[in-house]
Structures are given as C-alpha cells and as structure tokens.
$ cat upload_30.cif   # mmCIF, C-alpha atoms
data_my_file
loop_
_atom_site.label_atom_id
_atom_site.label_comp_id
_atom_site.auth_asym_id
_atom_site.auth_seq_id
_atom_site.Cartn_x
_atom_site.Cartn_y
_atom_site.Cartn_z
CA MET A 1 -101.33 -137.35 -57.94
CA SER A 2 -98.91 -136.75 -60.83
CA THR A 3 -95.44 -138.32 -61.03
CA THR A 4 -93.85 -134.89 -60.61
CA GLU A 5 -95.78 -134.29 -57.41
CA ILE A 6 -94.72 -137.71 -56.07
CA ASP A 7 -91.09 -136.95 -57.00
CA ARG A 8 -91.28 -133.69 -55.03
CA GLN A 9 -92.51 -135.30 -51.79
CA TRP A 10 -89.96 -135.32 -48.97
CA THR A 11 -90.69 -139.00 -48.27
CA THR A 12 -89.82 -139.94 -51.88
CA ARG A 13 -86.67 -137.83 -51.90
CA LEU A 14 -85.53 -139.17 -48.51
CA ARG A 15 -86.23 -142.81 -49.52
CA ARG A 16 -84.31 -142.46 -52.79
CA ARG A 17 -81.39 -140.75 -51.09
CA ALA A 18 -81.24 -143.37 -48.30
CA ALA A 19 -81.54 -146.28 -50.76
CA GLY A 20 -78.85 -144.72 -52.97
CA LYS A 21 -76.39 -144.21 -50.11
CA LEU A 22 -77.19 -147.40 -48.26
CA PRO A 23 -78.76 -150.16 -50.39
CA PRO A 24 -79.89 -153.27 -48.40
CA GLU A 25 -76.85 -155.35 -49.47
CA LYS A 26 -74.58 -152.61 -48.08
CA LEU A 27 -76.64 -152.13 -44.91
CA LEU A 28 -76.53 -155.84 -44.05
CA PRO A 29 -73.63 -157.27 -46.10
CA ASP A 30 -73.06 -161.01 -46.55
CA LYS A 31 -69.27 -160.78 -46.27
CA GLN A 32 -66.51 -158.36 -45.34
CA PRO A 33 -63.06 -157.84 -46.97
CA SER A 34 -60.42 -160.44 -46.03
CA TYR A 35 -58.42 -157.92 -43.95
CA VAL A 36 -61.31 -157.80 -41.44
CA SER A 37 -60.32 -161.35 -40.33
CA SER A 38 -58.34 -160.10 -37.34
CA TRP A 39 -59.15 -159.97 -33.62
CA ILE A 40 -58.57 -156.19 -33.67
CA TYR A 41 -61.81 -155.78 -35.65
CA VAL A 42 -64.01 -157.52 -33.05
CA PHE A 43 -63.88 -154.77 -30.41
CA GLY A 44 -66.36 -152.47 -32.14
CA VAL A 45 -69.06 -155.13 -32.10
CA THR A 46 -68.05 -156.15 -28.54
CA THR A 47 -68.72 -152.53 -27.52
CA LEU A 48 -72.12 -152.68 -29.25
CA ALA A 49 -73.00 -155.98 -27.51
CA ALA A 50 -72.00 -154.52 -24.12
CA LEU A 51 -74.07 -151.38 -24.84
CA THR A 52 -77.11 -153.59 -25.53
CA VAL A 53 -76.68 -155.26 -22.10
CA VAL A 54 -76.15 -151.84 -20.45
CA ILE A 55 -79.43 -150.51 -21.91
CA ALA A 56 -81.38 -153.73 -21.16
CA THR A 57 -80.22 -153.94 -17.51
CA GLY A 58 -80.72 -150.17 -17.14
CA CYS A 59 -84.35 -150.61 -18.26
CA LEU A 60 -84.83 -153.36 -15.64
CA LEU A 61 -83.36 -151.10 -12.93
CA ALA A 62 -85.67 -148.26 -14.04
CA ILE A 63 -88.73 -150.52 -13.84
CA ARG A 64 -88.04 -151.79 -10.29
CA GLY A 65 -86.29 -148.80 -8.69
CA PRO A 66 -83.56 -148.19 -6.05
CA GLN A 67 -85.21 -150.18 -3.19
CA TRP A 68 -85.09 -153.27 -5.41
CA TRP A 69 -81.54 -152.87 -6.71
CA HIS A 70 -80.16 -152.22 -3.20
CA SER A 71 -81.97 -154.89 -1.19
CA SER A 72 -83.18 -157.91 -3.22
CA SER A 73 -80.77 -160.57 -4.47
CA VAL A 74 -82.13 -160.36 -8.05
CA GLY A 75 -81.91 -156.55 -7.90
CA LEU A 76 -78.29 -156.71 -6.72
CA PHE A 77 -77.54 -159.18 -9.52
CA VAL A 78 -79.07 -156.91 -12.20
CA ASN A 79 -77.26 -153.92 -10.66
CA SER A 80 -73.97 -155.84 -10.93
CA LEU A 81 -74.78 -156.85 -14.52
CA HIS A 82 -75.31 -153.14 -15.28
CA LEU A 83 -71.95 -152.21 -13.70
CA TRP A 84 -69.93 -155.03 -15.31
CA SER A 85 -71.46 -154.50 -18.76
CA VAL A 86 -70.36 -150.85 -18.46
CA GLU A 87 -66.85 -152.05 -17.51
CA ILE A 88 -66.76 -154.30 -20.60
CA PHE A 89 -68.24 -151.49 -22.72
CA PHE A 90 -65.39 -149.10 -21.79
CA PHE A 91 -62.73 -151.80 -21.94
CA ALA A 92 -63.76 -152.84 -25.48
CA MET A 93 -64.29 -149.23 -26.57
CA VAL A 94 -60.75 -148.24 -25.50
CA VAL A 95 -59.17 -151.20 -27.34
CA HIS A 96 -61.38 -150.34 -30.38
CA LEU A 97 -60.19 -146.71 -30.12
CA TRP A 98 -56.50 -147.72 -29.98
CA GLY A 99 -56.94 -150.07 -32.94
CA LYS A 100 -58.67 -147.40 -35.05
CA TYR A 101 -56.15 -144.72 -34.00
CA PHE A 102 -53.17 -146.79 -35.20
CA MET A 103 -55.07 -147.69 -38.40
CA ALA A 104 -55.73 -143.95 -38.94
CA ALA A 105 -59.35 -144.96 -39.43
CA TRP A 106 -60.33 -141.43 -40.52
CA ARG A 107 -58.69 -142.07 -43.94
CA GLY A 108 -60.75 -142.29 -47.13
CA GLY A 109 -63.46 -139.79 -46.19
CA ARG A 110 -64.16 -141.45 -42.84
CA ALA A 111 -63.62 -138.30 -40.72
CA MET A 112 -67.28 -138.19 -39.67
CA THR A 113 -67.15 -141.88 -38.60
CA TRP A 114 -64.10 -141.09 -36.43
CA MET A 115 -65.67 -137.94 -34.95
CA THR A 116 -69.01 -139.62 -34.10
CA GLY A 117 -66.94 -142.28 -32.30
CA VAL A 118 -65.01 -139.62 -30.36
CA VAL A 119 -68.19 -137.78 -29.31
CA THR A 120 -69.87 -141.09 -28.34
CA PHE A 121 -66.85 -141.87 -26.15
CA LEU A 122 -67.08 -138.47 -24.41
CA THR A 123 -70.86 -138.82 -23.99
CA SER A 124 -70.34 -142.29 -22.48
CA ILE A 125 -67.92 -140.84 -19.90
CA GLY A 126 -70.67 -138.39 -18.90
CA ALA A 127 -73.21 -141.22 -18.74
CA ALA A 128 -70.88 -143.29 -16.54
CA PHE A 129 -70.21 -140.34 -14.22
CA THR A 130 -73.91 -139.51 -13.78
CA GLY A 131 -74.47 -143.24 -13.16
CA TYR A 132 -71.98 -143.18 -10.27
CA VAL A 133 -73.77 -140.22 -8.67
CA SER A 134 -77.25 -141.75 -9.24
CA GLN A 135 -76.71 -144.96 -7.27
CA SER A 136 -78.58 -143.46 -4.28
CA ASN A 137 -76.17 -144.75 -1.60
CA PHE A 138 -73.25 -143.39 0.46
CA ASP A 139 -70.90 -144.10 -2.44
CA SER A 140 -72.85 -141.77 -4.77
CA GLN A 141 -73.05 -139.09 -2.03
CA TRP A 142 -69.28 -139.28 -1.55
CA ILE A 143 -68.56 -139.09 -5.31
CA SER A 144 -70.94 -136.15 -5.88
CA THR A 145 -69.57 -134.12 -2.96
CA GLN A 146 -66.01 -134.80 -4.15
CA ALA A 147 -66.92 -133.86 -7.75
CA LYS A 148 -68.93 -130.69 -7.06
CA ASP A 149 -65.95 -128.36 -6.57
CA GLY A 150 -64.23 -129.58 -9.72
CA ILE A 151 -67.44 -129.23 -11.76
CA ASN A 152 -68.23 -125.81 -10.22
CA SER A 153 -64.74 -124.52 -10.99
CA THR A 154 -65.47 -125.01 -14.70
CA GLY A 155 -68.66 -122.93 -14.47
CA VAL A 156 -70.79 -125.89 -15.59
CA GLY A 157 -72.23 -126.21 -12.08
CA ALA A 158 -74.65 -123.35 -12.82
CA PHE A 159 -76.84 -125.72 -14.84
CA PHE A 160 -75.32 -129.14 -14.04
CA ASN A 161 -75.57 -129.66 -10.28
CA VAL A 162 -73.98 -132.96 -9.25
CA LEU A 163 -75.63 -132.71 -5.80
CA ASN A 164 -79.08 -132.70 -7.44
CA LEU A 165 -79.95 -136.41 -7.53
CA GLY A 166 -83.10 -135.92 -9.64
CA GLN A 167 -81.21 -133.94 -12.29
CA MET A 168 -78.29 -136.41 -12.37
CA LEU A 169 -80.68 -139.37 -12.67
CA MET A 170 -82.50 -137.72 -15.61
CA TRP A 171 -79.18 -137.01 -17.36
CA HIS A 172 -78.16 -140.63 -16.72
CA ILE A 173 -81.33 -142.39 -17.86
CA VAL A 174 -82.72 -140.01 -20.52
CA LEU A 175 -80.42 -137.39 -22.08
CA LEU A 176 -77.01 -139.09 -22.20
CA PRO A 177 -78.26 -142.59 -23.24
CA LEU A 178 -80.38 -140.93 -25.96
CA VAL A 179 -77.34 -139.08 -27.36
CA ALA A 180 -75.04 -142.11 -26.96
CA VAL A 181 -77.44 -144.52 -28.71
CA LEU A 182 -78.24 -142.03 -31.48
CA LEU A 183 -74.55 -141.33 -32.13
CA THR A 184 -73.77 -145.07 -32.03
CA ALA A 185 -76.47 -145.69 -34.65
CA ILE A 186 -75.05 -142.92 -36.89
CA HIS A 187 -71.51 -144.29 -36.31
CA VAL A 188 -72.54 -147.83 -37.38
CA LEU A 189 -74.46 -146.52 -40.43
CA LEU A 190 -71.39 -144.47 -41.47
CA VAL A 191 -69.23 -147.62 -41.18
CA ARG A 192 -71.73 -149.33 -43.50
CA VAL A 193 -71.72 -146.41 -45.98
CA LYS A 194 -67.93 -145.95 -46.13
CA GLY A 195 -66.91 -149.55 -45.33
CA VAL A 196 -64.28 -150.74 -42.85
CA VAL A 197 -60.99 -148.84 -43.24
CA PRO A 198 -58.40 -150.96 -45.12
CA PRO A 199 -54.91 -151.58 -43.65
CA PHE A 200 -52.14 -149.24 -44.87
CA GLU A 201 -50.54 -151.77 -47.22
CA ASP A 202 -53.89 -152.34 -48.97
CA VAL A 203 -54.48 -148.66 -49.74
CA PRO A 204 -52.54 -148.50 -53.05
CA LYS A 205 -54.28 -151.69 -54.21
CA ALA A 206 -57.71 -150.34 -53.22
CA THR A 207 -57.16 -147.04 -55.03
CA LYS A 208 -55.88 -148.68 -58.25
CA MET B 1 -69.65 -169.27 4.71
CA SER B 2 -71.37 -169.58 1.30
CA TRP B 3 -69.29 -170.26 -1.84
CA TYR B 4 -69.63 -166.67 -3.00
CA GLY B 5 -68.72 -165.47 0.52
CA SER B 6 -65.46 -167.44 0.27
CA PHE B 7 -64.86 -166.01 -3.18
CA ALA B 8 -65.53 -162.45 -1.95
CA ALA B 9 -63.03 -163.01 0.91
CA LEU B 10 -60.31 -163.39 -1.74
CA LEU B 11 -60.96 -159.83 -2.89
CA PRO B 12 -61.48 -157.73 0.26
CA LEU B 13 -63.25 -154.55 -0.83
CA ASP B 14 -63.88 -153.03 2.62
CA ASN B 15 -60.26 -151.90 3.09
CA LEU B 16 -58.70 -148.74 1.74
CA GLY B 17 -57.52 -149.06 -1.85
CA HIS B 18 -53.86 -149.32 -2.75
CA TYR B 19 -52.36 -146.47 -4.76
CA LEU B 20 -49.27 -146.02 -6.87
CA HIS B 21 -47.45 -142.68 -6.51
CA TRP B 22 -44.86 -141.61 -9.07
CA HIS B 23 -44.03 -137.89 -9.39
CA PHE B 24 -47.36 -136.20 -10.18
CA ILE B 25 -49.01 -139.54 -11.14
CA ASP B 26 -51.37 -140.90 -8.50
CA ILE B 27 -53.33 -143.96 -9.62
CA SER B 28 -55.09 -146.86 -7.90
CA ILE B 29 -53.67 -150.37 -8.40
CA ALA B 30 -57.11 -151.46 -9.67
CA ASN B 31 -56.91 -148.90 -12.50
CA VAL B 32 -53.31 -149.91 -13.29
CA VAL B 33 -54.48 -153.55 -13.57
CA VAL B 34 -57.33 -152.58 -15.94
CA ILE B 35 -54.99 -150.49 -18.14
CA ALA B 36 -52.45 -153.35 -18.22
CA LEU B 37 -55.22 -155.80 -19.21
CA MET B 38 -56.32 -153.46 -22.04
CA VAL B 39 -52.73 -153.21 -23.34
CA ILE B 40 -52.33 -157.03 -23.17
CA THR B 41 -55.69 -157.49 -24.97
CA PHE B 42 -54.68 -154.97 -27.65
CA ILE B 43 -51.32 -156.70 -28.31
CA ALA B 44 -52.98 -160.16 -28.25
CA ALA B 45 -55.62 -158.97 -30.76
CA LEU B 46 -52.83 -157.91 -33.14
CA LEU B 47 -50.75 -161.08 -32.77
CA LEU B 48 -53.20 -163.96 -32.30
CA PRO B 49 -54.35 -165.68 -35.51
CA PHE B 50 -58.03 -165.21 -36.36
CA PRO B 51 -59.99 -168.43 -37.10
CA GLY B 52 -60.56 -168.90 -40.86
CA ARG B 53 -58.20 -166.08 -41.87
CA GLN B 54 -56.26 -168.20 -44.39
CA ARG B 55 -59.50 -169.44 -46.01
CA ARG B 56 -60.79 -165.87 -46.37
CA LYS B 57 -57.47 -164.68 -47.82
CA GLU B 58 -57.72 -167.35 -50.49
CA ASN B 59 -61.41 -166.45 -51.24
CA PRO B 60 -61.68 -162.72 -50.49
#

$ encode --input "upload_30.cif" --output "structure tokens"
Amino acid sequence: MSTTEIDRQWTTRLRRRAAGKLPPEKLLPDKQPSYVSSWIYVFGVTTLAALTVVIATGCLLAIRGPQWWHSSSVGLFVNSLHLWSVEIFFFAMVVHLWGKYFMAAWRGGRAMTWMTGVVTFLTSIGAAFTGYVSQSNFDSQWISTQAKDGINSTGVGAFFNVLNLGQMLMWHIVLLPLVAVLLTAIHVLLVRVKGVVPPFEDVPKATK
Amino acid sequence: MSWYGSFAALLPLDNLGHYLHWHFIDISIANVVVIALMVITFIAALLLPFPGRQRRKENP
C-alpha cells in the first residue's frame, strides 16, 4: 500500500486529527493552572464520581431485579446506594452549574462545553424521573399516575407513556443513561481540549 | 429496637410531608433544606481556602 493510500484512509485521518486536537499530555495532564486550586472546581469531578456509583449500582440492580432490591437487605442497601448517589450527583451538578454560570464558563470558545453540560443536565432529569416511575412499588404507581396528565398535556404522551412500566424502565436503563454517559464523555473531552475556563481577572493576562 | 431502627425513628418518613406556602410558591421543607445546603456549599466553596493553593500560586 502506498503512502498516499495510507494517508487517505479514514483511520489515519481520524487518528491524526484526534492526536492533533488532544495529544496524550493534554488528555491526561500532569498539572492544572494555579487558579484551579479552589473548592469551586471540585464539583465537576464530584459529579463524575457520583455518576460512576450511579451506573455501578444500577448495573447491580439490573442483574438481580426488583424482587431482590425490594426484599433482601443487600438489595435494599444497593437500592439506597443508587438513590443517594443520584442525590449527590444532582447536588454536585447544581453547585458545578452555579459555579460555571458565574464564571461565564462559555468564554473562550467553550460554548459547546457549556451546551453539552446543559443537555446532560436535562437528560439526567429525564433519567431521574423515569427512575422514580420504574421502582415497581406503590410510590412509582403514585408518581406515574400523578405525572401522566402533565405529560399528556404536552402531547409527549403519544410516544412516552409514563404508565407503561416496560417503556419507562427501558428509557431509564438504556436510552437516557446512554445519552447521559456519551454527553458526559464529550463534555470532559471538550474540557481537556479547551482547558478549564480562567477567572475573569486572568483573562487579559492569558490573552497577552 | 436495632440501632438503625432508633436512627430511623429520628426521621419519621411515614407521616405526611411538611410544605411551605408563599403566594404561588408551594415547596416541601425537604426540598428547601436541600436548596439551602446547596447554597451553603456553594458559598463555602468560594470562601474556604484550598489546601496547597499558596504553593501552587508560587509555582504555577
């Protein structure tokens, strides 16, 4: 195979583009700028850590099923871990959102980083809601019957039926986690590509 | 009563929740507590010193 043919391959072009945008030292950096030494910067990674626990405990619940998470002590414990990791996930994500909002973190060509964060947040709300209606207990029945009229009034009910447990469970364990994890991965990669947004007072220095 | 039973008795969850009503705002006390905790955490994150900050400022 000639060099020109190799250069034309999509694998070669993709590898070169990825390596150019995100070299290994940028993907996994040894140090961050000094302004990152603040507690306000820890909430992004706290959200990621909580998401990892959410996915791991969700996988355990999927393996053993509703009978296990409702009746056995270990199942109830894992179920609680799943709930509380979601609580920490949203708590940290909201503080992260406030921090980035007041930093105007979309500055310096970071609009896509901001927008992927926004869409991940909205997707996570959907994932949490479908989780509430997938518990398979009286609580989930109550929530779904209360929610149906609101959802139906928007017209979404035609293809998103909150009273359909099977559909809600599939949205909760397949579609929404897939989108949330994919968007989170893109969000983190964009942070690596563009770097962490500098504080306002550092902008003139950074652009000099 | 087991130790976790005693602990659970401190937070009775079988009763009706308490709600705050103010004009059109209708919110459970539990949600108010969570929002207040997030605000406190946010302010604390801005004000509390981060370990090793001075060292990093000297060697950026």

$ residues_around --input "upload_30.cif" --residues "segment 156-164 of chain A" --least-positions-apart "6" --cutoff "10 Å" --atoms "only C-alpha atoms" --output "PyMOL selection string"
chain A and resi 129-130+133-134+140-141+143-150+171

$ interface_residues --input "upload_30.cif" --of "chain A" --to "chain B" --cutoff "10 Å" --atoms "all atoms listed in the file" --output "PyMOL selection string"
chain A and resi 31-43+87+91-92+94-96+98-99

$ closest_residue --input "upload_30.cif" --among "B:Leu10, B:Asn15, B:Ser2, B:Leu20" --to "Val33 of chain B" --atoms "all atoms listed in the file"
B:Leu20

$ atom_distance --input "upload_30.cif" --atom1 "atom CA of Lys194 of chain A" --atom2 "atom CA of Gly109 of chain A"
7.6 Å

$ resolve_selection --input "upload_30.cif" --expression "the PyMOL selection byres ((chain B and resi 17) around 9)" --output "list in words"
Leu13, Asp14, Asn15, Leu16, His18, Tyr19, Ser28, Ile29 and Ala30 of chain B

$ resolve_selection --input "upload_30.cif" --expression "the PyMOL selection byres ((chain A and resi 13-27) around 12)" --output "PDB file with C-alpha atoms, keeping the file's coordinate frame"
ATOM      1  CA  THR A   4     -93.850-134.890 -60.610  1.00  0.00           C
ATOM      2  CA  GLU A   5     -95.780-134.290 -57.410  1.00  0.00           C
ATOM      3  CA  ILE A   6     -94.720-137.710 -56.070  1.00  0.00           C
ATOM      4  CA  ASP A   7     -91.090-136.950 -57.000  1.00  0.00           C
ATOM      5  CA  ARG A   8     -91.280-133.690 -55.030  1.00  0.00           C
ATOM      6  CA  GLN A   9     -92.510-135.300 -51.790  1.00  0.00           C
ATOM      7  CA  TRP A  10     -89.960-135.320 -48.970  1.00  0.00           C
ATOM      8  CA  THR A  11     -90.690-139.000 -48.270  1.00  0.00           C
ATOM      9  CA  THR A  12     -89.820-139.940 -51.880  1.00  0.00           C
ATOM     10  CA  LEU A  28     -76.530-155.840 -44.050  1.00  0.00           C
ATOM     11  CA  PRO A  29     -73.630-157.270 -46.100  1.00  0.00           C
ATOM     12  CA  ASP A  30     -73.060-161.010 -46.550  1.00  0.00           C
ATOM     13  CA  LYS A  31     -69.270-160.780 -46.270  1.00  0.00           C
ATOM     14  CA  GLN A  32     -66.510-158.360 -45.340  1.00  0.00           C
ATOM     15  CA  VAL A 188     -72.540-147.830 -37.380  1.00  0.00           C
ATOM     16  CA  LEU A 189     -74.460-146.520 -40.430  1.00  0.00           C
ATOM     17  CA  LEU A 190     -71.390-144.470 -41.470  1.00  0.00           C
ATOM     18  CA  VAL A 191     -69.230-147.620 -41.180  1.00  0.00           C
ATOM     19  CA  ARG A 192     -71.730-149.330 -43.500  1.00  0.00           C
ATOM     20  CA  VAL A 193     -71.720-146.410 -45.980  1.00  0.00           C
ATOM     21  CA  LYS A 194     -67.930-145.950 -46.130  1.00  0.00           C
ATOM     22  CA  GLY A 195     -66.910-149.550 -45.330  1.00  0.00           C
ATOM     23  CA  VAL A 196     -64.280-150.740 -42.850  1.00  0.00           C
TER      24      VAL A 196
END

$ atom_distance --input "upload_30.cif" --atom1 "atom CA of Leu183 of chain A" --atom2 "atom CA of Gly117 of chain A"
7.7 Å

$ closest_residue --input "upload_30.cif" --among "A:Val54, A:Leu60, A:Leu97, A:Met103" --to "Ser85 of chain A" --atoms "all atoms listed in the file"
A:Val54

$ atom_distance --input "upload_30.cif" --atom1 "atom CA of Asp139 of chain A" --atom2 "atom CA of Ile27 of chain B"
19.0 Å

$ resolve_selection --input "upload_30.cif" --expression "the PyMOL selection byres ((chain A and resi 89) around 12)" --output "ChimeraX atom specification"
/A:43-55,81-88,90-97,120-121,124-125,128

$ residues_around --input "upload_30.cif" --residues "Gly65 of chain A" --least-positions-apart "4" --cutoff "12 Å" --atoms "all atoms listed in the file" --output "PyMOL selection string"
chain A and resi 57-61+69-72+75-76+78-79+134-136+169

$ write_last_selection --input "upload_30.cif" --atoms "C-alpha atoms" --output "compact mmCIF listing (two decimals), in the coordinates of the input"
# COMPACT_ATOMS: atom_id res chain seq x y z
CA THR A 57 -80.22 -153.94 -17.51
CA GLY A 58 -80.72 -150.17 -17.14
CA CYS A 59 -84.35 -150.61 -18.26
CA LEU A 60 -84.83 -153.36 -15.64
CA LEU A 61 -83.36 -151.10 -12.93
CA TRP A 69 -81.54 -152.87 -6.71
CA HIS A 70 -80.16 -152.22 -3.20
CA SER A 71 -81.97 -154.89 -1.19
CA SER A 72 -83.18 -157.91 -3.22
CA GLY A 75 -81.91 -156.55 -7.90
CA LEU A 76 -78.29 -156.71 -6.72
CA VAL A 78 -79.07 -156.91 -12.20
CA ASN A 79 -77.26 -153.92 -10.66
CA SER A 134 -77.25 -141.75 -9.24
CA GLN A 135 -76.71 -144.96 -7.27
CA SER A 136 -78.58 -143.46 -4.28
CA LEU A 169 -80.68 -139.37 -12.67

$ closest_residue --input "upload_30.cif" --among "A:Ile151, A:Met170, A:Ile186, A:Ala62" --to "Val119 of chain A" --atoms "all atoms listed in the file"
A:Ile186

$ decode --input "upload_30.cif" --residues "segment 20-30 of chain B" --atoms "all heavy atoms" --output "tab-separated table (two decimals), in the first residue's frame"
chain	number	residue	atom	x	y	z
B	20	LEU	N	-44.14	24.38	52.58
B	20	LEU	CA	-44.06	25.83	52.78
B	20	LEU	C	-44.93	26.47	51.68
B	20	LEU	O	-44.77	26.14	50.50
B	20	LEU	CB	-42.60	26.24	52.59
B	20	LEU	CG	-42.16	27.57	53.18
B	20	LEU	CD1	-42.16	27.50	54.70
B	20	LEU	CD2	-40.75	27.89	52.69
B	21	HIS	N	-45.85	27.34	52.07
B	21	HIS	CA	-46.71	28.01	51.09
B	21	HIS	C	-46.42	29.51	51.16
B	21	HIS	O	-46.46	30.09	52.23
B	21	HIS	CB	-48.19	27.78	51.41
B	21	HIS	CG	-48.53	26.34	51.59
B	21	HIS	ND1	-48.74	25.49	50.53
B	21	HIS	CD2	-48.66	25.58	52.70
B	21	HIS	CE1	-49.01	24.29	50.99
B	21	HIS	NE2	-48.95	24.31	52.30
B	22	TRP	N	-46.10	30.10	50.03
B	22	TRP	CA	-45.86	31.54	49.97
B	22	TRP	C	-46.29	32.03	48.59
B	22	TRP	O	-45.63	31.71	47.60
B	22	TRP	CB	-44.37	31.85	50.24
B	22	TRP	CG	-44.08	33.31	50.34
B	22	TRP	CD1	-44.59	34.18	51.26
B	22	TRP	CD2	-43.21	34.05	49.48
B	22	TRP	NE1	-44.08	35.43	51.03
B	22	TRP	CE2	-43.23	35.39	49.95
B	22	TRP	CE3	-42.41	33.73	48.39
B	22	TRP	CZ2	-42.49	36.38	49.35
B	22	TRP	CZ3	-41.67	34.72	47.79
B	22	TRP	CH2	-41.71	36.04	48.26
B	23	HIS	N	-47.41	32.76	48.54
B	23	HIS	CA	-48.02	33.17	47.27
B	23	HIS	C	-48.22	31.95	46.38
B	23	HIS	O	-48.85	30.99	46.80
B	23	HIS	CB	-47.17	34.24	46.58
B	23	HIS	CG	-47.10	35.52	47.37
B	23	HIS	ND1	-48.14	36.40	47.46
B	23	HIS	CD2	-46.11	36.04	48.13
B	23	HIS	CE1	-47.81	37.42	48.22
B	23	HIS	NE2	-46.57	37.23	48.64
B	24	PHE	N	-47.63	31.96	45.18
B	24	PHE	CA	-47.80	30.81	44.28
B	24	PHE	C	-46.75	29.73	44.54
B	24	PHE	O	-46.80	28.66	43.95
B	24	PHE	CB	-47.72	31.28	42.81
B	24	PHE	CG	-46.41	31.90	42.45
B	24	PHE	CD1	-45.38	31.13	41.93
B	24	PHE	CD2	-46.19	33.26	42.63
B	24	PHE	CE1	-44.17	31.69	41.59
B	24	PHE	CE2	-44.99	33.84	42.29
B	24	PHE	CZ	-43.96	33.05	41.76
B	25	ILE	N	-45.80	29.99	45.46
B	25	ILE	CA	-44.73	29.01	45.72
B	25	ILE	C	-45.22	27.97	46.73
B	25	ILE	O	-45.75	28.32	47.78
B	25	ILE	CB	-43.45	29.72	46.21
B	25	ILE	CG1	-42.90	30.62	45.11
B	25	ILE	CG2	-42.38	28.70	46.64
B	25	ILE	CD1	-41.83	31.57	45.55
B	26	ASP	N	-45.06	26.71	46.37
B	26	ASP	CA	-45.51	25.59	47.20
B	26	ASP	C	-44.38	24.57	47.16
B	26	ASP	O	-44.19	23.90	46.15
B	26	ASP	CB	-46.79	25.03	46.55
B	26	ASP	CG	-47.55	24.12	47.48
B	26	ASP	OD1	-47.28	24.14	48.69
B	26	ASP	OD2	-48.41	23.37	46.97
B	27	ILE	N	-43.62	24.48	48.26
B	27	ILE	CA	-42.42	23.63	48.22
B	27	ILE	C	-42.29	22.85	49.53
B	27	ILE	O	-42.63	23.38	50.60
B	27	ILE	CB	-41.16	24.50	47.92
B	27	ILE	CG1	-39.91	23.64	47.71
B	27	ILE	CG2	-40.91	25.55	48.97
B	27	ILE	CD1	-38.73	24.39	47.14
B	28	SER	N	-41.82	21.60	49.43
B	28	SER	CA	-41.67	20.79	50.65
B	28	SER	C	-40.46	21.29	51.44
B	28	SER	O	-39.49	21.79	50.87
B	28	SER	CB	-41.49	19.32	50.28
B	28	SER	OG	-40.23	19.11	49.70
B	29	ILE	N	-40.52	21.11	52.76
B	29	ILE	CA	-39.42	21.55	53.64
B	29	ILE	C	-38.14	20.79	53.26
B	29	ILE	O	-37.05	21.36	53.26
B	29	ILE	CB	-39.78	21.30	55.13
B	29	ILE	CG1	-41.00	22.14	55.52
B	29	ILE	CG2	-38.60	21.58	56.06
B	29	ILE	CD1	-40.81	23.64	55.54
B	30	ALA	N	-38.30	19.51	52.88
B	30	ALA	CA	-37.13	18.70	52.50
B	30	ALA	C	-36.40	19.35	51.32
B	30	ALA	O	-35.17	19.45	51.33
B	30	ALA	CB	-37.58	17.29	52.13
